[in-house]
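Data file: query_14.txt. Format and content: compact mmCIF, C-alpha atoms and all ligand atoms.
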```txt
# COMPACT_ATOMS: atom_id res chain seq x y z
CA MET A 4 16.39 23.53 24.37
CA SER A 5 19.06 21.44 22.75
CA GLU A 6 21.29 23.30 20.30
CA LYS A 7 22.46 19.96 18.95
CA VAL A 8 18.94 18.95 17.95
CA ARG A 9 18.33 22.34 16.39
CA ALA A 10 21.55 22.20 14.37
CA LYS A 11 20.77 18.70 13.14
CA VAL A 12 17.23 19.62 12.07
CA LYS A 13 18.44 22.81 10.40
CA ASP A 14 20.91 20.81 8.41
CA LEU A 15 18.26 18.30 7.32
CA LEU A 16 15.87 21.04 6.26
CA ASP A 17 18.43 23.28 4.57
CA SER A 18 19.95 20.42 2.60
CA GLY A 19 16.51 19.37 1.36
CA ARG A 20 16.95 15.89 2.83
CA ILE A 21 13.53 16.23 4.47
CA LYS A 22 10.48 18.24 3.54
CA GLY A 23 9.45 18.87 7.11
CA PHE A 24 10.36 18.00 10.68
CA LEU A 25 7.79 16.89 13.21
CA GLY A 26 8.85 18.16 16.57
CA LEU A 27 7.58 20.31 19.38
CA ARG A 28 7.23 24.05 19.34
CA GLN A 29 7.04 26.54 22.15
CA ALA A 30 4.49 29.19 21.21
CA ASP A 31 1.63 31.13 22.82
CA GLY A 32 2.74 29.99 26.26
CA HIS A 33 2.24 26.34 25.33
CA LEU A 34 4.38 23.56 24.04
CA GLY A 35 2.86 21.36 21.37
CA PRO A 36 3.42 19.40 18.17
CA HIS A 37 4.46 21.27 15.03
CA LEU A 38 5.68 20.53 11.53
CA PHE A 39 8.76 22.67 10.89
CA THR A 40 9.33 23.30 7.19
CA ASP A 41 11.71 26.23 7.33
CA GLY A 42 15.13 26.27 9.02
CA ARG A 43 14.47 29.85 10.08
CA GLU A 44 11.61 28.95 12.44
CA LEU A 45 13.70 26.57 14.52
CA ASP A 46 14.21 29.05 17.38
CA ALA A 47 10.91 27.80 18.77
CA LEU A 48 11.85 24.11 18.49
CA ALA A 49 11.53 22.23 21.79
CA VAL A 50 12.03 18.62 22.84
CA GLY A 51 9.22 18.33 25.39
CA ASP A 52 10.82 19.22 28.72
CA LEU A 53 8.81 22.19 29.91
CA LYS A 54 8.88 21.99 33.70
CA ARG A 55 10.14 18.45 34.07
CA PRO A 56 11.92 16.21 31.56
CA GLY A 57 9.43 14.66 29.14
CA ASP A 58 6.37 16.36 30.65
CA THR A 59 5.12 17.53 27.26
CA ARG A 60 5.49 14.53 24.98
CA TYR A 61 3.08 14.04 22.08
CA PRO A 62 2.42 11.09 19.73
CA LEU A 63 4.52 12.52 16.91
CA ASN A 64 4.62 9.15 15.13
CA LYS A 65 0.86 9.26 14.87
CA GLN A 66 1.11 12.58 13.07
CA LEU A 67 3.91 11.17 10.94
CA LEU A 68 1.52 8.44 9.73
CA THR A 69 -0.96 11.10 8.67
CA LEU A 70 1.73 13.03 6.79
CA MET A 71 3.13 9.96 5.06
CA ARG A 72 -0.28 8.78 3.94
CA CYS A 73 -1.02 12.18 2.45
CA ASP A 74 2.41 12.74 0.93
CA PRO A 75 4.03 9.33 0.32
CA ASP A 76 6.72 10.66 -2.02
CA ASP A 77 8.43 13.08 0.34
CA SER A 78 10.65 12.38 3.34
CA PHE A 79 10.01 13.71 6.82
CA GLY A 80 12.04 14.01 9.96
CA VAL A 81 10.70 13.24 13.41
CA LEU A 82 11.93 13.80 16.95
CA VAL A 83 12.36 10.47 18.75
CA ARG A 84 13.07 9.34 22.26
CA GLY A 85 13.69 5.66 22.97
CA CYS A 86 9.99 4.84 23.02
CA ASP A 87 9.29 6.76 19.79
CA GLU A 88 12.06 4.85 18.07
CA ARG A 89 10.53 1.59 19.29
CA GLY A 90 7.29 2.89 17.79
CA LEU A 91 8.90 3.67 14.44
CA LYS A 92 10.48 0.22 14.26
CA THR A 93 7.18 -1.42 15.06
CA LEU A 94 5.27 0.73 12.58
CA ILE A 95 7.79 -0.35 9.93
CA THR A 96 7.18 -3.98 10.90
CA TRP A 97 3.45 -3.43 10.47
CA ASN A 98 4.04 -1.82 7.04
CA GLN A 99 2.70 1.54 8.18
CA VAL A 100 5.91 3.50 7.64
CA ASP A 101 8.34 3.42 4.74
CA PRO A 102 11.79 3.50 6.42
CA ALA A 103 13.34 5.17 3.38
CA LYS A 104 11.14 8.22 3.91
CA VAL A 105 11.81 8.88 7.59
CA VAL A 106 14.77 10.50 9.27
CA ALA A 107 14.68 10.13 13.05
CA VAL A 108 16.48 12.69 15.19
CA GLY A 109 17.08 11.03 18.53
CA ILE A 110 17.44 12.29 22.07
CA ALA A 111 18.26 10.20 25.12
CA CYS A 112 16.16 10.61 28.26
CA PRO A 113 17.59 11.76 31.60
CA PRO A 114 17.62 9.44 34.65
CA GLU A 115 14.53 10.89 36.39
CA LEU A 116 12.36 10.39 33.31
CA ALA A 117 13.75 6.92 32.69
CA ALA A 118 12.95 6.00 36.28
CA ALA A 119 9.45 7.48 36.17
CA CYS A 120 8.75 5.57 32.94
CA GLU A 121 10.34 2.34 34.22
CA CYS A 122 11.86 2.30 30.77
CA LEU A 123 13.90 -0.68 29.59
CA LYS A 124 15.84 1.39 27.07
CA PRO A 125 15.53 5.15 27.62
CA TYR A 126 17.49 6.08 24.51
CA PRO A 127 17.24 5.45 20.77
CA ASP A 128 19.98 3.52 18.94
CA GLU A 129 21.39 6.82 17.71
CA PHE A 130 20.92 10.16 19.41
CA VAL A 131 22.28 13.66 19.02
CA ASP A 132 21.79 14.79 22.59
CA GLY A 133 21.56 13.39 26.12
CA GLY A 134 23.41 10.44 27.57
CA LYS A 135 22.78 6.74 27.90
CA VAL A 136 21.00 5.86 31.12
CA GLU A 137 20.63 2.25 32.25
CA GLY A 138 17.14 0.85 31.78
CA SER A 139 15.07 -0.18 34.78
CA THR A 140 12.71 -3.06 35.50
CA PHE A 141 8.93 -2.83 35.76
CA ALA A 142 8.59 -2.11 39.49
CA SER A 143 4.90 -1.19 39.16
CA VAL A 144 4.17 -4.62 37.67
CA ALA A 145 6.07 -6.34 40.48
CA THR A 146 4.00 -4.43 43.05
CA VAL A 147 0.71 -5.62 41.59
CA ASP A 148 2.06 -9.15 41.01
CA ALA A 149 2.92 -9.33 44.72
CA LEU A 150 -0.80 -9.20 45.58
CA ASP A 151 -2.69 -12.47 45.86
CA LEU A 152 -5.02 -13.34 43.00
CA HIS A 153 -8.16 -12.05 44.66
CA SER A 154 -6.62 -8.70 45.65
CA ARG A 155 -5.15 -8.32 42.19
CA LEU A 156 -8.56 -8.84 40.60
CA THR A 157 -10.14 -6.40 43.05
CA HIS A 158 -7.40 -3.88 42.30
CA TRP A 159 -7.94 -3.97 38.55
CA LEU A 160 -11.74 -4.08 38.71
CA HIS A 161 -11.62 -1.03 40.94
CA GLU A 162 -9.26 0.81 38.58
CA PHE A 163 -11.32 -0.08 35.49
CA SER A 164 -14.52 1.01 37.22
CA LYS A 165 -13.24 4.61 37.09
CA CYS A 166 -13.23 4.62 33.27
CA VAL A 167 -15.34 7.32 31.62
CA LYS A 168 -14.94 5.69 28.19
CA CYS A 169 -13.38 8.70 26.54
CA TYR A 170 -11.32 6.47 24.22
CA GLY A 171 -8.40 8.80 24.96
CA CYS A 172 -6.09 5.82 25.56
CA ARG A 173 -6.78 4.69 22.01
CA ASP A 174 -6.87 8.11 20.37
CA ILE A 175 -3.50 9.21 21.78
CA CYS A 176 -1.78 5.89 21.12
CA PRO A 177 0.88 6.13 18.39
CA MET A 178 0.48 2.39 17.77
CA CYS A 179 -3.29 2.54 17.19
CA PHE A 180 -3.59 2.67 13.44
CA CYS A 181 -6.31 0.10 12.67
CA LYS A 182 -9.07 1.25 10.35
CA GLU A 183 -11.61 -0.75 12.36
CA CYS A 184 -11.07 -0.58 16.11
CA SER A 185 -11.60 -3.64 18.33
CA LEU A 186 -13.18 -1.36 20.92
CA GLU A 187 -15.99 -0.62 18.48
CA GLN A 188 -16.76 -4.24 17.59
CA GLU A 189 -20.10 -5.40 18.90
CA ASP A 190 -18.80 -9.01 18.74
CA LEU A 191 -16.12 -8.21 21.32
CA ILE A 192 -17.76 -5.72 23.67
CA HIS A 193 -21.13 -4.11 24.17
CA THR A 194 -20.14 -0.92 22.48
CA GLY A 195 -23.09 1.14 23.72
CA ASP A 196 -22.51 0.49 27.43
CA LEU A 197 -21.57 3.32 29.77
CA PRO A 198 -19.66 2.72 31.98
CA PRO A 199 -17.92 0.25 29.71
CA GLU A 200 -18.08 -3.46 30.39
CA ASN A 201 -15.65 -4.19 33.18
CA PRO A 202 -13.10 -5.72 32.63
CA ILE A 203 -13.88 -6.65 29.00
CA PHE A 204 -13.29 -3.15 27.57
CA HIS A 205 -9.83 -2.78 29.11
CA LEU A 206 -8.74 -6.36 28.61
CA THR A 207 -9.80 -6.23 24.96
CA ARG A 208 -7.50 -3.29 24.45
CA ALA A 209 -4.71 -4.85 26.52
CA VAL A 210 -4.79 -8.04 24.47
CA HIS A 211 -5.06 -6.14 21.22
CA MET A 212 -1.95 -4.13 22.09
CA ALA A 213 0.04 -7.26 22.91
CA GLY A 214 3.06 -7.38 20.61
CA ARG A 215 2.34 -3.84 19.51
CA CYS A 216 2.50 -1.53 22.55
CA ILE A 217 5.95 0.03 22.76
CA ASP A 218 5.51 1.31 26.33
CA CYS A 219 5.52 5.05 25.77
CA GLY A 220 3.00 5.74 28.53
CA LEU A 221 1.06 8.36 26.57
CA CYS A 222 -2.23 6.50 27.19
CA ASN A 223 -1.66 6.64 30.93
CA GLU A 224 -0.94 10.36 30.76
CA ALA A 225 -4.11 11.00 28.71
CA CYS A 226 -6.42 9.00 30.99
CA PRO A 227 -8.69 11.43 32.87
CA ALA A 228 -9.45 8.68 35.40
CA ASP A 229 -5.77 8.04 36.22
CA ILE A 230 -6.10 4.33 35.53
CA PRO A 231 -2.58 2.81 35.58
CA LEU A 232 -2.89 1.59 32.00
CA ARG A 233 0.83 1.58 31.49
CA THR A 234 1.27 -0.98 34.27
CA LEU A 235 -1.39 -3.16 32.64
CA TYR A 236 0.28 -3.03 29.23
CA LYS A 237 3.70 -3.57 30.79
CA LYS A 238 2.33 -6.75 32.34
CA VAL A 239 1.03 -7.88 28.94
CA ALA A 240 4.46 -7.09 27.44
CA GLU A 241 6.10 -9.23 30.15
CA ILE A 242 3.87 -12.16 29.24
CA ILE A 243 4.63 -11.79 25.52
CA ALA A 244 8.37 -11.55 26.29
CA GLN A 245 8.27 -14.64 28.51
CA GLU A 246 6.17 -16.79 26.24
CA PHE A 247 7.47 -15.72 22.86
CA ASP A 248 10.77 -14.00 23.56
CA TYR A 249 9.52 -10.93 21.69
CA ARG A 250 9.42 -7.27 22.66
CA PRO A 251 7.94 -4.86 20.11
CA GLY A 252 10.40 -2.13 19.22
CA TYR A 253 13.34 -3.94 20.79
CA VAL A 254 13.63 -6.29 17.82
CA GLU A 255 14.71 -5.18 14.39
CA PRO A 256 11.97 -3.90 12.05
CA GLY A 257 10.47 -6.70 10.02
CA GLU A 258 10.56 -9.36 12.76
CA LYS A 259 6.93 -10.42 12.89
CA PRO A 260 5.04 -10.16 16.18
CA PRO A 261 4.19 -13.59 17.63
CA LEU A 262 0.43 -13.12 17.55
CA ASN A 263 0.64 -12.69 13.77
CA ILE A 264 2.23 -16.09 13.28
CA LEU A 265 0.36 -19.36 13.32
CA GLY A 266 2.84 -21.81 14.77
CA GLU A 267 3.22 -24.53 17.39
CA ALA A 268 1.48 -23.99 20.70
CA PRO A 269 3.77 -22.89 23.54
CA GLU A 270 4.76 -25.68 25.94
CA HIS A 271 2.57 -24.74 28.87
CA MET B 24 0.42 20.00 1.27
CA ASP B 25 -0.37 22.38 4.09
CA TYR B 26 -0.19 20.71 7.50
CA ARG B 27 -0.52 22.47 10.81
CA THR B 28 -1.53 21.94 14.41
CA VAL B 29 -3.68 24.75 15.71
CA LEU B 30 -4.10 25.52 19.40
CA THR B 31 -7.65 26.30 20.43
CA THR B 32 -10.26 25.80 23.14
CA CYS B 33 -12.90 23.08 23.14
CA ALA B 34 -16.30 24.49 22.29
CA TYR B 35 -18.42 21.65 23.68
CA CYS B 36 -18.88 22.82 27.25
CA GLY B 37 -17.88 25.56 29.63
CA CYS B 38 -14.79 23.82 31.07
CA GLY B 39 -12.52 25.33 28.43
CA CYS B 40 -10.11 22.47 27.74
CA SER B 41 -7.15 23.36 25.51
CA LEU B 42 -6.56 21.24 22.46
CA TYR B 43 -4.63 21.11 19.23
CA LEU B 44 -6.51 20.59 16.00
CA GLU B 45 -4.62 18.78 13.26
CA VAL B 46 -5.39 20.59 10.00
CA LEU B 47 -4.49 19.11 6.63
CA ASP B 48 -5.07 21.23 3.54
CA GLY B 49 -7.73 23.26 5.30
CA ARG B 50 -9.61 20.26 6.70
CA VAL B 51 -9.61 19.61 10.43
CA ILE B 52 -8.86 15.90 10.76
CA HIS B 53 -7.88 15.08 14.33
CA THR B 54 -7.66 16.40 17.88
CA PHE B 55 -4.95 16.15 20.54
CA PRO B 56 -5.38 17.36 24.12
CA CYS B 57 -2.95 20.11 25.05
CA LYS B 58 -0.57 18.93 27.76
CA THR B 59 0.09 22.45 28.96
CA GLY B 60 -3.60 23.39 29.14
CA PRO B 61 -4.15 24.40 32.78
CA VAL B 62 -7.71 23.09 32.82
CA ASN B 63 -7.29 19.67 31.25
CA GLU B 64 -3.56 18.90 31.54
CA GLY B 65 -3.42 16.68 28.46
CA LYS B 66 -6.78 14.98 28.90
CA LEU B 67 -10.16 15.28 27.17
CA CYS B 68 -13.61 13.73 27.39
CA VAL B 69 -15.10 11.78 24.51
CA LYS B 70 -16.72 14.89 23.07
CA GLY B 71 -13.51 16.93 23.08
CA TRP B 72 -11.59 14.10 21.45
CA ASN B 73 -14.06 14.15 18.55
CA ILE B 74 -14.57 17.88 18.19
CA HIS B 75 -12.98 17.90 14.73
CA GLU B 76 -15.92 15.88 13.45
CA PHE B 77 -18.63 18.52 13.67
CA ILE B 78 -16.65 21.24 11.94
CA HIS B 79 -17.11 19.80 8.46
CA SER B 80 -20.36 17.95 9.18
CA PRO B 81 -22.89 18.33 6.35
CA LYS B 82 -25.58 18.40 9.05
CA ARG B 83 -24.22 21.65 10.44
CA LEU B 84 -26.38 24.77 10.07
CA THR B 85 -24.28 27.46 8.46
CA ARG B 86 -27.05 29.75 7.14
CA PRO B 87 -30.38 30.85 8.65
CA LEU B 88 -33.35 28.73 7.60
CA LEU B 89 -36.97 29.89 7.83
CA ARG B 90 -39.95 27.55 7.64
CA GLN B 91 -42.20 28.79 4.87
CA ASN B 92 -45.35 26.80 4.11
CA GLY B 93 -43.93 23.82 5.99
CA THR B 94 -40.54 23.76 4.26
CA LEU B 95 -37.24 25.14 5.48
CA VAL B 96 -35.97 27.82 3.14
CA GLU B 97 -32.57 29.53 3.23
CA VAL B 98 -32.93 33.25 3.95
CA SER B 99 -30.61 36.19 4.65
CA TRP B 100 -29.58 37.08 8.22
CA ASP B 101 -31.59 40.33 7.99
CA GLU B 102 -34.72 38.49 6.98
CA ALA B 103 -34.26 35.89 9.72
CA LEU B 104 -33.64 38.51 12.41
CA ASP B 105 -36.55 40.70 11.29
CA PHE B 106 -38.86 37.70 11.39
CA THR B 107 -37.63 36.62 14.84
CA ALA B 108 -37.94 40.12 16.30
CA ARG B 109 -41.46 40.52 14.91
CA ARG B 110 -42.66 37.16 16.26
CA LEU B 111 -41.08 37.73 19.68
CA ARG B 112 -42.86 41.08 19.92
CA GLU B 113 -46.20 39.59 18.79
CA ILE B 114 -46.00 36.73 21.30
CA LYS B 115 -44.98 39.07 24.12
CA GLU B 116 -47.86 41.46 23.36
CA ALA B 117 -50.44 38.69 23.04
CA HIS B 118 -49.38 36.45 25.98
CA GLY B 119 -47.00 38.47 28.20
CA SER B 120 -43.22 38.35 28.72
CA ASP B 121 -43.25 35.11 30.70
CA SER B 122 -44.68 33.23 27.75
CA LEU B 123 -41.15 33.40 26.31
CA ALA B 124 -38.00 31.57 27.42
CA PHE B 125 -34.36 31.80 26.37
CA LEU B 126 -31.86 28.96 26.22
CA SER B 127 -28.21 29.93 26.23
CA SER B 128 -25.34 27.67 25.29
CA ALA B 129 -22.02 26.25 26.43
CA LYS B 130 -20.80 26.57 22.86
CA ILE B 131 -20.82 30.38 22.97
CA THR B 132 -18.63 32.74 24.96
CA ASN B 133 -19.20 34.03 28.45
CA GLU B 134 -19.93 37.47 27.02
CA GLU B 135 -22.52 36.09 24.57
CA ASN B 136 -24.19 34.25 27.45
CA TYR B 137 -24.27 37.51 29.36
CA LEU B 138 -25.92 39.20 26.38
CA ILE B 139 -28.66 36.60 26.04
CA GLN B 140 -29.72 36.91 29.68
CA LYS B 141 -29.55 40.69 29.40
CA PHE B 142 -31.77 40.54 26.33
CA ALA B 143 -34.24 38.22 28.12
CA ARG B 144 -34.44 40.37 31.25
CA ALA B 145 -34.06 43.92 29.92
CA ALA B 146 -35.52 43.74 26.42
CA VAL B 147 -38.19 41.05 26.83
CA GLY B 148 -38.79 41.25 30.58
CA THR B 149 -38.59 37.63 31.70
CA ASN B 150 -36.37 35.60 34.02
CA ASN B 151 -36.97 32.49 31.92
CA VAL B 152 -33.31 31.90 31.07
CA ASP B 153 -31.71 28.47 31.12
CA HIS B 154 -28.94 26.39 29.68
CA CYS B 155 -29.23 24.37 26.48
CA ALA B 156 -28.33 21.21 28.41
CA ARG B 157 -31.86 21.36 29.88
CA LEU B 158 -33.53 21.43 26.48
S1 LIG A 301 9.47 5.56 27.78
FE1 LIG A 301 11.71 5.64 27.88
S2 LIG A 301 12.31 6.63 26.02
FE2 LIG A 301 10.13 7.09 26.32
S3 LIG A 301 10.07 9.03 27.44
FE3 LIG A 301 10.06 7.40 28.96
S4 LIG A 301 12.23 7.12 29.47
FE4 LIG A 301 12.16 8.24 27.56
S1 LIG A 302 1.99 2.78 26.25
FE1 LIG A 302 -0.15 3.22 25.73
S2 LIG A 302 -0.06 4.85 24.19
FE2 LIG A 302 2.00 3.94 24.31
S3 LIG A 302 2.01 2.32 22.73
FE3 LIG A 302 1.39 1.35 24.64
S4 LIG A 302 -0.84 1.39 24.58
FE4 LIG A 302 -0.14 2.89 23.08
S1 LIG A 303 -8.34 6.99 28.71
FE1 LIG A 303 -8.95 6.16 30.73
S2 LIG A 303 -11.07 6.86 31.02
FE2 LIG A 303 -10.59 7.13 28.83
S3 LIG A 303 -11.33 5.21 27.86
FE3 LIG A 303 -9.15 4.94 28.32
S4 LIG A 303 -9.13 3.96 30.33
FE4 LIG A 303 -11.18 4.83 30.08
```
Starting from the coordinates I provided, produce the structure as structure tokens.
Amino acid sequence: MSEKVRAKVKDLLDSGRIKGFLGLRQADGHLGPHLFTDGRELDALAVGDLKRPGDTRYPLNKQLLTLMRCDPDDSFGVLVRGCDERGLKTLITWNQVDPAKVVAVGIACPPELAAACECLKPYPDEFVDGGKVEGSTFASVATVDALDLHSRLTHWLHEFSKCVKCYGCRDICPMCFCKECSLEQEDLIHTGDLPPENPIFHLTRAVHMAGRCIDCGLCNEACPADIPLRTLYKKVAEIIAQEFDYRPGYVEPGEKPPLNILGEAPEH
Amino acid sequence: MDYRTVLTTCAYCGCGCSLYLEVLDGRVIHTFPCKTGPVNEGKLCVKGWNIHEFIHSPKRLTRPLLRQNGTLVEVSWDEALDFTARRLREIKEAHGSDSLAFLSSAKITNEENYLIQKFARAAVGTNNVDHCARL
């Protein structure tokens, strides 16, 4: 565990700058999310590298939203990797987080994690530990794109057919904060169907996350059917980047996502 | 504000998935699958994901109820157990042990499931034991 992160968090807590720090804690043989409120309990603080780097990441920003809604006057700290910082920026854009009330403590991801994630920017703007690793391209998207149209459709229909409709991809997602979920709208999908409508269920979510998904991969990790959701959402992100020159979390907070703007139609 | 994440085991079925309950001021508000849980490795089914919902459900039975003259009335545990024991004995004596059946549950522990089959076989004298999923 990183001494630098621990020292930084201790300082924030001891100085009263934050009321609590959302991080990960090693306890009872497990590693999970925890709100640290006392500098003396930081011995158990962990960053989420149990056996492999980043193998125990949790949607801390989702918990941050809960805390901030319940206690809007206090400030909280949160552990962020590159993707979490993209999430924070996007949540600020969507008016879900008050930037004045959050202190992010950043860590940069090591090369093997960055490669496994196919992460464009595996580090936050500021970090207290780790080193900058070059981002990589979306190789998994390129692999699927290389298939002809028919094989691509077959590939995705086959993947989606494995879905057990647990809604885990939505429930784990740090960017899913809507009060009314598209996946529960009878107008969009037959909500009572099991297995879910293929491919409507998955494409509804993919389109809904366009301009919002910050490519953290937590949905993919939570999917009991091992559906390569991350590849799907990466593809959607590529389209949004190409058409609108916009990548959620890579732009400064406040820059509106393209699907929230009514403007001129794109040229093609 | 008192906010904590509490590690526990899903009570919905016998798989034993590990999960964290998000607890805010004594109310359980959300569930996260435990990534280090050896059974579920950070995944849950739709029931596990929503397990926080039944804890505070107003529909939940928290006290014994006894039907008296067609209406359910709250009674003490002693009264409920005495009544149950008396009726089980009466039915067994009038119609034989196999007129009774026992349904165990995935929501209770292995040891409690052991006890219910032991009670059925040794105390009542029937092999009519099954799982609540077959109700
Ligand atoms: S998506 Fe990027 S920042 Fe997030 S864990 Fe993977 S490599 Fe790290
Ligand atoms: S990668 Fe998945 S969990 Fe992460 S923001 Fe995108 S849709 Fe949500
Ligand atoms: S997590 Fe996987 S199985 Fe569950 S609803 Fe999402 S795609 Fe389907």
| task | Please identify the residues whose atoms come within 6 Å of ligand LIG 302 (chain A), using all atoms listed in the file, and report them as an NGL selection string. | result | :A and (176-178 or 216-222 or 233)
Please define a box with edges along x, y and z of the file around all atoms of ligand LIG 303 (chain A) given in the file, extend it by 5 Å on each side, and return its centre and edge lengths in Å to one decimal, as lines of an AutoDock Vina configuration file.
```
center_x = -9.8
center_y = 5.5
center_z = 29.4
size_x = 13.0
size_y = 13.2
size_z = 13.2
```
| field | Test item: residues at most 10 Å from Glu64 (chain B), all atoms listed in the file, excluding those fewer than 4 positions along its chain, as number ranges by chain | value | A: 59, 224-225, 227; B: 40-42, 56-60
| message | Could you list, as JSON, numbers by chain, all protein and nucleic acid residues with an atom at most 8 Å from ligand LIG 301 (chain A), counting all atoms listed in the file? | response | {"A": [57, 60, 84, 85, 86, 87, 111, 112, 113, 114, 116, 117, 118, 119, 120, 121, 122, 123, 124, 125, 126, 127, 218, 219, 220]}
Okay, now the selection with C-alpha atoms, as a PDB file, in the frame of the given file?
```
ATOM      1  CA  GLY A  57       9.430  14.660  29.140  1.00  0.00           C
ATOM      2  CA  ARG A  60       5.490  14.530  24.980  1.00  0.00           C
ATOM      3  CA  ARG A  84      13.070   9.340  22.260  1.00  0.00           C
ATOM      4  CA  GLY A  85      13.690   5.660  22.970  1.00  0.00           C
ATOM      5  CA  CYS A  86       9.990   4.840  23.020  1.00  0.00           C
ATOM      6  CA  ASP A  87       9.290   6.760  19.790  1.00  0.00           C
ATOM      7  CA  ALA A 111      18.260  10.200  25.120  1.00  0.00           C
ATOM      8  CA  CYS A 112      16.160  10.610  28.260  1.00  0.00           C
ATOM      9  CA  PRO A 113      17.590  11.760  31.600  1.00  0.00           C
ATOM     10  CA  PRO A 114      17.620   9.440  34.650  1.00  0.00           C
ATOM     11  CA  LEU A 116      12.360  10.390  33.310  1.00  0.00           C
ATOM     12  CA  ALA A 117      13.750   6.920  32.690  1.00  0.00           C
ATOM     13  CA  ALA A 118      12.950   6.000  36.280  1.00  0.00           C
ATOM     14  CA  ALA A 119       9.450   7.480  36.170  1.00  0.00           C
ATOM     15  CA  CYS A 120       8.750   5.570  32.940  1.00  0.00           C
ATOM     16  CA  GLU A 121      10.340   2.340  34.220  1.00  0.00           C
ATOM     17  CA  CYS A 122      11.860   2.300  30.770  1.00  0.00           C
ATOM     18  CA  LEU A 123      13.900  -0.680  29.590  1.00  0.00           C
ATOM     19  CA  LYS A 124      15.840   1.390  27.070  1.00  0.00           C
ATOM     20  CA  PRO A 125      15.530   5.150  27.620  1.00  0.00           C
ATOM     21  CA  TYR A 126      17.490   6.080  24.510  1.00  0.00           C
ATOM     22  CA  PRO A 127      17.240   5.450  20.770  1.00  0.00           C
ATOM     23  CA  ASP A 218       5.510   1.310  26.330  1.00  0.00           C
ATOM     24  CA  CYS A 219       5.520   5.050  25.770  1.00  0.00           C
ATOM     25  CA  GLY A 220       3.000   5.740  28.530  1.00  0.00           C
TER      26      GLY A 220
END
```
| query | Quick one: residues within 7 Å of Ser127 (chain B), only C-alpha atoms counted, chain neighbours fewer than 2 positions away excluded, as a PyMOL selection string? | reply | chain B and resi 125+136+139+153-155
For the residues in that selection, give me C-alpha atoms as a compact mmCIF listing (two decimals), keeping the file's coordinate frame.
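File part-v6.txt, as written:
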```
# COMPACT_ATOMS: atom_id res chain seq x y z
CA PHE B 125 -34.36 31.80 26.37
CA ASN B 136 -24.19 34.25 27.45
CA ILE B 139 -28.66 36.60 26.04
CA ASP B 153 -31.71 28.47 31.12
CA HIS B 154 -28.94 26.39 29.68
CA CYS B 155 -29.23 24.37 26.48
```
For the interface of chain A with ligand LIG 303 (chain A) (cut-off 10 Å, counting all atoms listed in the file), please tabulate each contacting residue of chain A alongside its nearest pair of atoms and their separation in Å to one decimal, rows sorted by chain and increasing number, as a Markdown table.
```
| residue | atom | partner | partner_atom | distance |
| --- | --- | --- | --- | --- |
| A:Glu162 | CA | A:LIG303 | S4 | 8.8 |
| A:Phe163 | CA | A:LIG303 | S4 | 6.9 |
| A:Ser164 | CA | A:LIG303 | FE4 | 8.8 |
| A:Lys165 | CA | A:LIG303 | S2 | 6.8 |
| A:Cys166 | CA | A:LIG303 | FE4 | 3.8 |
| A:Val167 | CA | A:LIG303 | S2 | 4.3 |
| A:Lys168 | CA | A:LIG303 | S3 | 3.7 |
| A:Cys169 | CA | A:LIG303 | FE2 | 3.9 |
| A:Tyr170 | CA | A:LIG303 | S3 | 3.9 |
| A:Gly171 | CA | A:LIG303 | S1 | 4.2 |
| A:Cys172 | CA | A:LIG303 | S1 | 4.0 |
| A:Arg173 | CA | A:LIG303 | FE3 | 6.7 |
| A:Asp174 | CA | A:LIG303 | S1 | 8.5 |
| A:Ile175 | CA | A:LIG303 | S1 | 8.7 |
| A:Leu186 | CA | A:LIG303 | S3 | 9.7 |
| A:Pro198 | CA | A:LIG303 | FE4 | 8.9 |
| A:Pro199 | CA | A:LIG303 | FE4 | 8.2 |
| A:Phe204 | CA | A:LIG303 | S3 | 8.6 |
| A:His205 | CA | A:LIG303 | S4 | 6.9 |
| A:Arg208 | CA | A:LIG303 | FE3 | 9.2 |
| A:Leu221 | CA | A:LIG303 | S1 | 9.7 |
| A:Cys222 | CA | A:LIG303 | S1 | 6.3 |
| A:Asn223 | CA | A:LIG303 | S1 | 7.0 |
| A:Glu224 | CA | A:LIG303 | S1 | 8.4 |
| A:Ala225 | CA | A:LIG303 | S1 | 5.8 |
| A:Cys226 | CA | A:LIG303 | S1 | 3.6 |
| A:Pro227 | CA | A:LIG303 | S2 | 5.5 |
| A:Ala228 | CA | A:LIG303 | S2 | 5.0 |
| A:Asp229 | CA | A:LIG303 | FE1 | 6.6 |
| A:Ile230 | CA | A:LIG303 | FE1 | 5.9 |
| A:Pro231 | CA | A:LIG303 | S4 | 8.5 |
| A:Leu232 | CA | A:LIG303 | S4 | 6.9 |
```
| Could you name the residues that touch Arg90 (chain B) at 12 Å or less, counting only C-alpha atoms, but leaving out those on the same chain fewer than 4 positions away, as a PyMOL selection string? | chain B and resi 94-98+103+106-107
| task | Counting all atoms listed in the file, select every polymer residue within 9 Å of (-0.7, 19.6, 6.2) as defined in the file's coordinates, and provide the selection as a PyMOL selection string. | result | (chain A and resi 38+69-70+73) or (chain B and resi 24-28+45-50)
| Which residue out of A:Gly257, A:Pro36, A:Gly195, A:Pro75 has the minimum interatomic distance to chain B when all atoms listed in the file are used? |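 Answer, going by the shortest atom-to-atom distance: A:Pro36.
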| said: Given only C-alpha atoms as the basis, pick out the residue of A:Val108, A:Leu34, A:Ala103, A:Leu63 nearest to Leu15 (chain A). | reply: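 Of all the options, A:Val108 lies closest to Leu15 (chain A).
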